[in-house]
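Working notes, beginning with the structure itself.
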Amino acid sequence: SGVFDVPLTTVLDQDQRRAPGTRVPLILQKALVEFFQRVIDQQAKNKMSLNNVSVVMAPSIFIFKGLRSKVTEQQELSMATGTANIVRLLIRYQNLLWTVTCDSKHDCNL
């Protein structure tokens, strides 16, 4: 499966050429952050504020299973706080994240 009948490996390869080190296609990253915003938009019904979504989703996005046994409780709390802040910023400033500014087509590789 893919995006608009384009295999995800092709989408990821294109993203990695633009941003080396990319591990998840940018279109999926954008869709995830937009979904988080939709959840937040319904917070009167679901109690999921920006802070709540950030705290709940950050560990699933940033922390891998093998790490837990190698860190202290204080380190784990610090990582949880830091990653929740990152998710909060991703959601809050998502419109800026997907904006590309260039002085010329050459700068943007167009």
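Just so we're on the same page: first chain in the structure tokens is A, next is B, and so on; residues restart at 1 for each chain, and ligands are numbered from 1 in the order they show up.
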Using backbone DSSP assignments, extract all alpha helix (DSSP H) residues from range 34-83 of chain A; output them as a PDB file with C-alpha atoms, in the first residue's frame.
ATOM      1  CA  GLU A  34      -3.130  17.285  11.553  1.00  0.00           C
ATOM      2  CA  PHE A  35      -4.991  14.388  13.194  1.00  0.00           C
ATOM      3  CA  PHE A  36      -3.744  15.502  16.617  1.00  0.00           C
ATOM      4  CA  GLN A  37      -5.117  18.975  15.885  1.00  0.00           C
ATOM      5  CA  ARG A  38      -8.508  17.505  14.976  1.00  0.00           C
ATOM      6  CA  VAL A  39      -8.577  15.659  18.291  1.00  0.00           C
ATOM      7  CA  ILE A  40      -7.713  18.894  20.111  1.00  0.00           C
ATOM      8  CA  ASP A  41     -10.423  20.757  18.209  1.00  0.00           C
ATOM      9  CA  GLN A  43     -11.570  18.907  23.421  1.00  0.00           C
ATOM     10  CA  ALA A  44     -14.922  20.120  24.753  1.00  0.00           C
ATOM     11  CA  LYS A  45     -16.222  16.604  24.056  1.00  0.00           C
ATOM     12  CA  ASN A  46     -13.133  14.448  24.576  1.00  0.00           C
ATOM     13  CA  LEU A  50      -3.004  20.325  23.462  1.00  0.00           C
ATOM     14  CA  ASN A  51      -1.172  19.354  26.635  1.00  0.00           C
ATOM     15  CA  ASN A  52      -3.080  16.073  27.056  1.00  0.00           C
ATOM     16  CA  VAL A  53      -2.507  14.966  23.457  1.00  0.00           C
ATOM     17  CA  SER A  54       1.186  15.861  23.749  1.00  0.00           C
ATOM     18  CA  VAL A  55       1.709  13.940  26.987  1.00  0.00           C
ATOM     19  CA  VAL A  56      -0.195  10.867  25.786  1.00  0.00           C
ATOM     20  CA  MET A  57       1.321  10.638  22.293  1.00  0.00           C
ATOM     21  CA  ALA A  58       4.952  11.634  22.908  1.00  0.00           C
ATOM     22  CA  PRO A  59       6.120   8.272  24.318  1.00  0.00           C
ATOM     23  CA  SER A  60       4.650   6.416  21.336  1.00  0.00           C
ATOM     24  CA  ILE A  61       6.424   8.691  18.898  1.00  0.00           C
ATOM     25  CA  PHE A  62       9.846   9.149  20.509  1.00  0.00           C
ATOM     26  CA  GLU A  73      13.089   7.143  36.847  1.00  0.00           C
ATOM     27  CA  GLN A  74      14.327  10.753  36.906  1.00  0.00           C
ATOM     28  CA  GLN A  75      15.789  10.408  33.395  1.00  0.00           C
ATOM     29  CA  GLU A  76      12.556   8.867  32.161  1.00  0.00           C
ATOM     30  CA  LEU A  77      10.530  11.750  33.609  1.00  0.00           C
ATOM     31  CA  SER A  78      12.880  14.258  32.010  1.00  0.00           C
ATOM     32  CA  MET A  79      12.601  12.529  28.613  1.00  0.00           C
ATOM     33  CA  ALA A  80       8.798  12.373  28.911  1.00  0.00           C
ATOM     34  CA  THR A  81       8.631  16.098  29.634  1.00  0.00           C
ATOM     35  CA  GLY A  82      11.003  16.936  26.795  1.00  0.00           C
ATOM     36  CA  THR A  83       9.255  14.792  24.211  1.00  0.00           C
TER      37      THR A  83
END
